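Text of start_23.tsv (TSV, C-alpha atoms) as supplied:
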```tsv
chain	number	residue	atom	x	y	z
A	21	MET	CA	0.00	0.00	0.00
A	22	GLN	CA	2.73	2.37	1.00
A	23	ASN	CA	4.61	1.41	-2.12
A	24	SER	CA	1.74	2.27	-4.40
A	25	VAL	CA	1.30	5.65	-2.71
A	26	ARG	CA	4.98	6.34	-3.13
A	27	LYS	CA	4.85	5.35	-6.80
A	28	LYS	CA	2.00	7.78	-7.41
A	29	GLU	CA	3.96	10.58	-5.79
A	30	ILE	CA	6.94	9.88	-7.99
A	31	ALA	CA	4.75	9.88	-11.08
A	32	LEU	CA	3.29	13.22	-10.09
A	33	VAL	CA	6.70	14.76	-9.66
A	34	SER	CA	7.79	13.58	-13.07
A	35	THR	CA	4.58	14.99	-14.56
A	36	LEU	CA	5.30	18.34	-13.01
A	37	LYS	CA	8.75	18.31	-14.50
A	38	LEU	CA	7.32	18.18	-18.00
A	39	PRO	CA	7.52	21.31	-20.06
A	40	LYS	CA	4.12	22.91	-20.63
A	41	LYS	CA	4.41	22.55	-24.37
A	42	LEU	CA	6.04	19.84	-26.41
A	43	SER	CA	6.41	20.40	-30.12
A	44	LEU	CA	7.37	18.50	-33.22
A	45	ASN	CA	7.59	19.66	-36.81
A	46	VAL	CA	7.61	17.09	-39.58
A	47	PRO	CA	7.38	17.30	-43.37
A	48	SER	CA	3.87	16.55	-44.66
A	49	LYS	CA	4.64	13.03	-45.85
A	50	THR	CA	2.88	9.90	-44.68
A	51	GLU	CA	6.23	8.25	-44.01
A	52	HIS	CA	6.54	10.53	-40.97
A	53	LEU	CA	3.30	9.30	-39.37
A	54	SER	CA	5.11	6.72	-37.25
A	55	GLU	CA	7.42	9.43	-35.94
A	56	VAL	CA	4.37	11.52	-35.03
A	57	ARG	CA	2.74	8.58	-33.25
A	58	ASP	CA	5.92	7.81	-31.30
A	59	PHE	CA	6.25	11.43	-30.24
A	60	VAL	CA	2.62	11.72	-29.16
A	61	SER	CA	2.64	8.33	-27.40
A	62	ASP	CA	5.74	9.22	-25.44
A	63	ALA	CA	4.30	12.59	-24.41
A	64	ALA	CA	0.89	11.11	-23.47
A	65	ARG	CA	2.58	8.43	-21.37
A	66	ARG	CA	4.65	11.01	-19.56
A	67	PHE	CA	1.54	13.07	-18.91
A	68	GLY	CA	0.13	10.04	-17.06
A	69	PHE	CA	-2.33	8.50	-19.53
A	70	ALA	CA	-2.97	4.77	-19.34
A	71	ASP	CA	-1.83	2.53	-22.23
A	72	GLU	CA	-5.22	2.37	-23.96
A	73	GLU	CA	-5.61	6.14	-23.83
A	74	VAL	CA	-2.06	6.60	-25.10
A	75	SER	CA	-2.93	4.46	-28.15
A	76	ASN	CA	-6.17	6.33	-28.73
A	77	ILE	CA	-4.51	9.74	-28.57
A	78	ALA	CA	-1.76	8.64	-30.97
A	79	LEU	CA	-4.38	7.31	-33.40
A	80	ALA	CA	-6.40	10.55	-33.23
A	81	VAL	CA	-3.28	12.59	-34.01
A	82	ASP	CA	-2.35	10.20	-36.83
A	83	GLU	CA	-5.82	10.77	-38.32
A	84	ALA	CA	-5.51	14.55	-38.01
A	85	CYS	CA	-2.09	14.54	-39.71
A	86	THR	CA	-3.25	12.13	-42.42
A	87	ASN	CA	-6.17	14.44	-43.19
A	88	ILE	CA	-3.84	17.41	-43.41
A	89	ILE	CA	-1.40	15.60	-45.69
A	90	LYS	CA	-4.11	14.23	-47.96
A	91	HIS	CA	-6.69	16.97	-48.09
A	92	ALA	CA	-5.02	20.25	-47.27
A	93	TYR	CA	-1.78	19.73	-49.16
A	94	HIS	CA	-2.82	17.06	-51.64
A	95	PHE	CA	0.37	15.09	-50.90
A	96	ALA	CA	2.71	18.06	-51.55
A	97	SER	CA	5.68	17.18	-49.39
A	98	ASP	CA	7.33	20.56	-49.02
A	99	LYS	CA	4.99	21.70	-46.25
A	100	ASP	CA	5.41	21.28	-42.53
A	101	ILE	CA	2.47	19.88	-40.65
A	102	THR	CA	1.06	22.83	-38.79
A	103	ASN	CA	-1.76	22.85	-41.28
A	104	LYS	CA	-1.46	26.04	-43.27
A	105	GLY	CA	-3.06	24.44	-46.29
A	106	GLN	CA	-6.33	24.81	-48.10
A	107	HIS	CA	-9.14	26.54	-46.23
A	108	PHE	CA	-11.16	24.00	-44.31
A	109	GLU	CA	-14.69	24.36	-43.00
A	110	PRO	CA	-15.38	21.57	-40.53
A	111	ASP	CA	-19.12	22.24	-40.42
A	112	LYS	CA	-19.36	21.32	-44.07
A	113	VAL	CA	-18.00	17.84	-43.40
A	114	ALA	CA	-20.98	15.72	-42.49
A	115	MET	CA	-20.53	13.03	-39.89
A	116	PRO	CA	-21.59	9.80	-41.53
A	117	ASP	CA	-24.34	7.66	-40.10
A	118	MET	CA	-22.37	4.45	-39.66
A	119	LYS	CA	-25.08	1.98	-40.59
A	120	GLU	CA	-25.90	3.83	-43.76
A	121	TYR	CA	-22.22	4.39	-44.39
A	122	LEU	CA	-21.28	0.76	-44.03
A	123	SER	CA	-24.26	-0.47	-45.99
A	124	LYS	CA	-23.22	1.68	-48.93
A	125	TYR	CA	-19.57	0.64	-48.62
A	126	LYS	CA	-18.38	4.20	-48.84
A	127	ARG	CA	-14.69	4.60	-48.44
A	128	GLY	CA	-12.75	7.31	-46.68
A	129	GLY	CA	-13.96	10.08	-44.40
A	130	LEU	CA	-13.63	7.86	-41.35
A	131	GLY	CA	-10.69	9.78	-39.91
A	132	MET	CA	-12.69	12.67	-38.50
A	133	LEU	CA	-15.24	10.31	-37.02
A	134	LEU	CA	-12.47	8.38	-35.26
A	135	MET	CA	-10.93	11.60	-33.95
A	136	ARG	CA	-14.24	12.62	-32.40
A	137	LYS	CA	-14.82	9.19	-30.88
A	138	LEU	CA	-11.33	8.91	-29.44
A	139	MET	CA	-10.88	12.39	-27.99
A	140	ASP	CA	-12.93	14.50	-25.56
A	141	LYS	CA	-12.86	17.59	-27.79
A	142	VAL	CA	-11.89	18.25	-31.39
A	143	GLU	CA	-11.82	21.90	-32.41
A	144	TYR	CA	-10.90	23.56	-35.65
A	145	ARG	CA	-9.72	27.13	-35.61
A	146	ILE	CA	-9.53	28.89	-38.88
A	147	GLN	CA	-7.05	31.69	-38.95
A	148	PRO	CA	-5.84	33.63	-41.98
A	149	SER	CA	-3.78	31.17	-44.06
A	150	ARG	CA	-3.56	28.78	-41.14
A	151	ASN	CA	-5.91	26.07	-39.88
A	152	VAL	CA	-5.39	24.73	-36.38
A	153	VAL	CA	-6.75	21.39	-35.20
A	154	ARG	CA	-6.91	21.30	-31.41
A	155	MET	CA	-7.76	18.04	-29.71
A	156	VAL	CA	-8.31	17.63	-25.99
A	157	LYS	CA	-8.14	14.48	-23.91
A	158	TYR	CA	-8.74	14.70	-20.18
A	159	LEU	CA	-6.76	12.63	-17.70
A	160	SER	CA	-9.11	10.35	-15.80
A	161	ALA	CA	-9.23	11.02	-12.07
B	21	MET	CA	9.40	4.74	-41.10
B	22	SER	CA	6.31	2.66	-40.44
B	23	GLU	CA	7.06	-1.01	-40.26
B	24	PHE	CA	4.55	-3.16	-42.05
B	25	ALA	CA	4.74	-6.44	-43.91
B	26	ILE	CA	2.31	-8.84	-45.58
B	27	GLY	CA	2.72	-12.54	-46.07
B	28	VAL	CA	0.49	-14.45	-48.50
B	29	ARG	CA	-0.16	-18.17	-48.23
B	30	GLU	CA	-2.76	-20.73	-49.16
B	31	SER	CA	-4.49	-22.90	-46.61
B	32	ALA	CA	-7.19	-25.44	-47.54
B	33	GLY	CA	-8.09	-23.57	-50.73
B	34	VAL	CA	-8.37	-20.26	-48.94
B	35	HIS	CA	-5.86	-17.43	-49.31
B	36	VAL	CA	-4.48	-15.99	-46.12
B	37	LEU	CA	-2.90	-12.56	-45.77
B	38	ASP	CA	-0.73	-12.31	-42.67
B	39	LEU	CA	-0.48	-8.69	-41.60
B	40	LYS	CA	2.40	-7.59	-39.44
B	41	GLY	CA	3.13	-4.22	-37.89
B	42	TYR	CA	1.56	-0.84	-38.44
B	43	LEU	CA	-1.14	-0.22	-41.03
B	44	ASP	CA	-1.48	3.51	-41.64
B	45	ALA	CA	-1.82	5.93	-44.57
B	46	HIS	CA	1.79	5.24	-45.52
B	47	THR	CA	1.62	1.45	-45.53
B	48	THR	CA	-1.91	0.86	-46.91
B	49	PRO	CA	-0.72	0.76	-50.56
B	50	LEU	CA	0.96	-2.58	-49.75
B	51	LEU	CA	-2.34	-4.05	-48.58
B	52	GLU	CA	-4.16	-2.59	-51.58
B	53	GLU	CA	-1.66	-4.26	-53.89
B	54	ALA	CA	-2.06	-7.59	-52.12
B	55	PHE	CA	-5.86	-7.47	-52.53
B	56	LYS	CA	-5.60	-6.36	-56.16
B	57	LYS	CA	-3.28	-9.26	-56.92
B	58	LEU	CA	-5.61	-11.81	-55.32
B	59	LEU	CA	-8.62	-10.41	-57.18
B	60	ALA	CA	-6.71	-10.39	-60.47
B	61	GLU	CA	-6.04	-14.10	-59.89
B	62	LYS	CA	-9.74	-14.61	-59.11
B	63	LYS	CA	-9.02	-15.57	-55.53
B	64	TYR	CA	-12.10	-14.49	-53.65
B	65	ARG	CA	-11.94	-16.55	-50.48
B	66	ILE	CA	-9.64	-14.48	-48.33
B	67	ILE	CA	-8.69	-14.54	-44.66
B	68	VAL	CA	-6.80	-11.63	-43.18
B	69	ASN	CA	-4.89	-12.90	-40.17
B	70	CYS	CA	-4.38	-9.93	-37.83
B	71	ARG	CA	-2.41	-11.74	-35.14
B	72	ASP	CA	0.69	-9.58	-35.60
B	73	LEU	CA	-1.10	-6.40	-36.61
B	74	ASN	CA	-0.19	-3.84	-33.97
B	75	TYR	CA	-1.98	-0.82	-35.32
B	76	ILE	CA	-4.63	0.25	-37.78
B	77	SER	CA	-5.85	3.74	-38.73
B	78	SER	CA	-8.83	4.71	-40.86
B	79	ALA	CA	-6.66	4.48	-43.97
B	80	GLY	CA	-6.28	0.76	-43.28
B	81	LEU	CA	-9.97	0.32	-42.54
B	82	GLY	CA	-10.71	2.03	-45.85
B	83	VAL	CA	-8.83	-0.66	-47.78
B	84	PHE	CA	-11.21	-3.34	-46.52
B	85	MET	CA	-14.13	-1.14	-47.54
B	86	ALA	CA	-12.67	-0.82	-51.03
B	87	PHE	CA	-12.57	-4.54	-51.79
B	88	ILE	CA	-15.35	-6.21	-49.83
B	89	GLU	CA	-18.07	-5.45	-52.36
B	90	ASP	CA	-16.15	-6.90	-55.33
B	91	VAL	CA	-15.16	-9.99	-53.37
B	92	ARG	CA	-18.72	-10.68	-52.22
B	93	ALA	CA	-20.07	-10.10	-55.71
B	94	GLU	CA	-17.98	-13.15	-56.68
B	95	GLU	CA	-19.46	-15.11	-53.78
B	96	GLY	CA	-16.28	-14.86	-51.79
B	97	ASP	CA	-15.54	-13.02	-48.57
B	98	ILE	CA	-12.84	-11.27	-46.61
B	99	LYS	CA	-12.83	-12.74	-43.13
B	100	LEU	CA	-10.70	-11.22	-40.41
B	101	SER	CA	-9.15	-13.44	-37.77
B	102	ASN	CA	-6.89	-13.46	-34.71
B	103	MET	CA	-7.40	-9.78	-33.97
B	104	THR	CA	-5.89	-8.31	-30.83
B	105	VAL	CA	-8.27	-6.52	-28.49
B	106	LYS	CA	-6.60	-3.20	-29.30
B	107	VAL	CA	-7.14	-3.53	-33.05
B	108	PHE	CA	-10.63	-4.99	-32.63
B	109	ASN	CA	-11.64	-1.96	-30.54
B	110	ILE	CA	-10.89	0.34	-33.49
B	111	PHE	CA	-12.98	-1.80	-35.86
B	112	ASP	CA	-15.71	-1.89	-33.22
B	113	LEU	CA	-15.66	1.86	-32.64
B	114	LEU	CA	-16.75	2.40	-36.24
B	115	GLY	CA	-19.29	-0.40	-36.30
B	116	PHE	CA	-17.29	-2.60	-38.67
B	117	PRO	CA	-18.35	-5.89	-37.03
B	118	VAL	CA	-21.78	-5.28	-38.62
B	119	LEU	CA	-20.28	-5.55	-42.07
B	120	TYR	CA	-17.28	-7.83	-41.68
B	121	ASP	CA	-17.00	-11.38	-40.49
B	122	ILE	CA	-14.51	-11.09	-37.64
B	123	VAL	CA	-13.68	-14.50	-36.22
B	124	LYS	CA	-11.58	-15.84	-33.38
B	125	ASP	CA	-9.02	-17.73	-35.40
B	126	GLU	CA	-8.07	-18.98	-38.84
B	127	GLN	CA	-9.62	-22.42	-38.30
B	128	GLU	CA	-13.00	-20.84	-37.66
B	129	ALA	CA	-12.68	-18.73	-40.81
B	130	ILE	CA	-11.72	-21.77	-42.89
B	131	ALA	CA	-14.68	-23.71	-41.46
B	132	LYS	CA	-17.02	-20.85	-42.36
B	133	PHE	CA	-15.75	-20.95	-45.93
B	134	GLY	CA	-16.67	-24.61	-45.89
B	135	ALA	CA	-13.15	-25.41	-47.03
```

Produce C-alpha cells that represent the structure in this file.
Amino acid sequence: MQNSVRKKEIALVSTLKLPKKLSLNVPSKTEHLSEVRDFVSDAARRFGFADEEVSNIALAVDEACTNIIKHAYHFASDKDITNKGQHFEPDKVAMPDMKEYLSKYKRGGLGMLLMRKLMDKVEYRIQPSRNVVRMVKYLSA
Amino acid sequence: MSEFAIGVRESAGVHVLDLKGYLDAHTTPLLEEAFKKLLAEKKYRIIVNCRDLNYISSAGLGVFMAFIEDVRAEEGDIKLSNMTVKVFNIFDLLGFPVLYDIVKDEQEAIAKFGA
C-alpha cells in the first residue's frame, strides 16, 4: 500500500517536470506518421495517460495529420504539418451515419469520425492562411 | 518509417494474408496491392490474419471497404481473424463488425468458408 502511494507521488513529480508545451515539426509526408505517433505516445505516457488512452490519442493525431497531408496539401511534401493548407470548413463535413455508411460501402472520411470518438474535444480554428486542429483528452481522475 | 509487412499463403483452398506491424496511410498501398493481386487471380476466399497487426488507422480500414463489395459479388468473402483486443476496438468503434465477419481464429474462418 505504502509502495503504491509512493509510486503515485513519484509519477506526479515527473509529470510536473514536464515542459508545458512539447512540439514537433515534420514534413507533410505519410512516411513521418510513425514518428508523429511515437512522439505523441511518449508525451501522453509522460503526462500520465494509461496505455489504452495513449494508443487512442496517438491514433487521433495520426488521423488529423493524415487528413492534413491528404486533403489540405494534396500530398505536396514541401509543407510542414502545422496545417497552413487549403481553407477547411469543418461544419461542411458531415458526420456519416455508420449503418448507412457501411451499408453503402463508402470509403474514406472515417478519420474525423475516429478523432471525435477517441478524444474528448476536437476543435478547428480557422485563422488567416492557417488552420489549427486542437484536440483535448482529459486525464481520468 | 512505419514497419509493415504482408505474407500471403494458401491454406485449404483459402488465401491468407498475414499482416504484421503498423497499417497507416503510408503502408496501406501494400495491402491494396495484395488485394488487387488476389482479385486479379480470381481468388475471392480471403482470410486476413491480424495476429501480428499492432496498429490500424482509418486508412487501413478504408482498404477493406474498397474490396469487400467486389469480393462478395464473386461469392467470396474477406474474413478477419486473430485480432488483438486493441485492433478490434478500433474496428468496433466504427461499427465494422456489422459488415465484416470477424472470427476468433483462422480455423473458424476456414470452417465458415466450408473449405

- Message: Between B:Gly27, B:Gly33, B:Gly134, B:Gly115, which residue has the minimum interatomic distance to Ile66 in chain B, considering only C-alpha atoms?
- Response: B:Gly33

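From CA of Met85 in chain B back to CA of Tyr120 in chain B, the distance works out to 9.4 Å.
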
- Would you kindly report the residues of chain B within 10 Å of chain A, using all atoms listed in the file, as an MDAnalysis selection string? chainID B and resid 21:23 42 44:47 75:89 106 110 113:116 118:120

Would you write out those residues with C-alpha atoms, as a PDB file, keeping the file's coordinate frame?
```pdb
ATOM      1  CA  MET B  21       9.400   4.740 -41.100  1.00  0.00           C
ATOM      2  CA  SER B  22       6.310   2.660 -40.440  1.00  0.00           C
ATOM      3  CA  GLU B  23       7.060  -1.010 -40.260  1.00  0.00           C
ATOM      4  CA  TYR B  42       1.560  -0.840 -38.440  1.00  0.00           C
ATOM      5  CA  ASP B  44      -1.480   3.510 -41.640  1.00  0.00           C
ATOM      6  CA  ALA B  45      -1.820   5.930 -44.570  1.00  0.00           C
ATOM      7  CA  HIS B  46       1.790   5.240 -45.520  1.00  0.00           C
ATOM      8  CA  THR B  47       1.620   1.450 -45.530  1.00  0.00           C
ATOM      9  CA  TYR B  75      -1.980  -0.820 -35.320  1.00  0.00           C
ATOM     10  CA  ILE B  76      -4.630   0.250 -37.780  1.00  0.00           C
ATOM     11  CA  SER B  77      -5.850   3.740 -38.730  1.00  0.00           C
ATOM     12  CA  SER B  78      -8.830   4.710 -40.860  1.00  0.00           C
ATOM     13  CA  ALA B  79      -6.660   4.480 -43.970  1.00  0.00           C
ATOM     14  CA  GLY B  80      -6.280   0.760 -43.280  1.00  0.00           C
ATOM     15  CA  LEU B  81      -9.970   0.320 -42.540  1.00  0.00           C
ATOM     16  CA  GLY B  82     -10.710   2.030 -45.850  1.00  0.00           C
ATOM     17  CA  VAL B  83      -8.830  -0.660 -47.780  1.00  0.00           C
ATOM     18  CA  PHE B  84     -11.210  -3.340 -46.520  1.00  0.00           C
ATOM     19  CA  MET B  85     -14.130  -1.140 -47.540  1.00  0.00           C
ATOM     20  CA  ALA B  86     -12.670  -0.820 -51.030  1.00  0.00           C
ATOM     21  CA  PHE B  87     -12.570  -4.540 -51.790  1.00  0.00           C
ATOM     22  CA  ILE B  88     -15.350  -6.210 -49.830  1.00  0.00           C
ATOM     23  CA  GLU B  89     -18.070  -5.450 -52.360  1.00  0.00           C
ATOM     24  CA  LYS B 106      -6.600  -3.200 -29.300  1.00  0.00           C
ATOM     25  CA  ILE B 110     -10.890   0.340 -33.490  1.00  0.00           C
ATOM     26  CA  LEU B 113     -15.660   1.860 -32.640  1.00  0.00           C
ATOM     27  CA  LEU B 114     -16.750   2.400 -36.240  1.00  0.00           C
ATOM     28  CA  GLY B 115     -19.290  -0.400 -36.300  1.00  0.00           C
ATOM     29  CA  PHE B 116     -17.290  -2.600 -38.670  1.00  0.00           C
ATOM     30  CA  VAL B 118     -21.780  -5.280 -38.620  1.00  0.00           C
ATOM     31  CA  LEU B 119     -20.280  -5.550 -42.070  1.00  0.00           C
ATOM     32  CA  TYR B 120     -17.280  -7.830 -41.680  1.00  0.00           C
TER      33      TYR B 120
END
```

- Mind giving me the straight-line distance from CA of Asn109 in chain B to CA of Ala70 in chain A in Å, one decimal? 15.7 Å

- Item | Within 9 Å of Ser61 in chain A using all atoms listed in the file, minus same-chain residues under 4 positions, as a ChimeraX atom specification | /A:56-57,65-66,71,74-75,77-78

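Counting from CA of Val91 in chain B, the distance to CA of Met103 in chain B is 20.9 Å.
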
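Compared by their closest atoms to Phe111 in chain B, and using only C-alpha atoms, the residues B:Leu51, B:Phe24, B:Cys70, B:Phe133 rank with B:Cys70 nearest.
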
- Task: Identify, on the basis of all atoms listed in the file, every residue whose closest approach to range 127-130 of chain B does not exceed 9 Å; exclude the query and any residue fewer than 3 positions from it along the same chain; express the result as a count of residues only.
- Result: 15

Edge lengths and centre in Å to one decimal, as AutoDock Vina command-line options, of the axis-aligned box that encloses all listed atoms of range 86-89 of chain B with 3 Å added on every side?
```
--center_x -15.3 --center_y -3.5 --center_z -51.1 --size_x 11.5 --size_y 11.4 --size_z 8.5
```
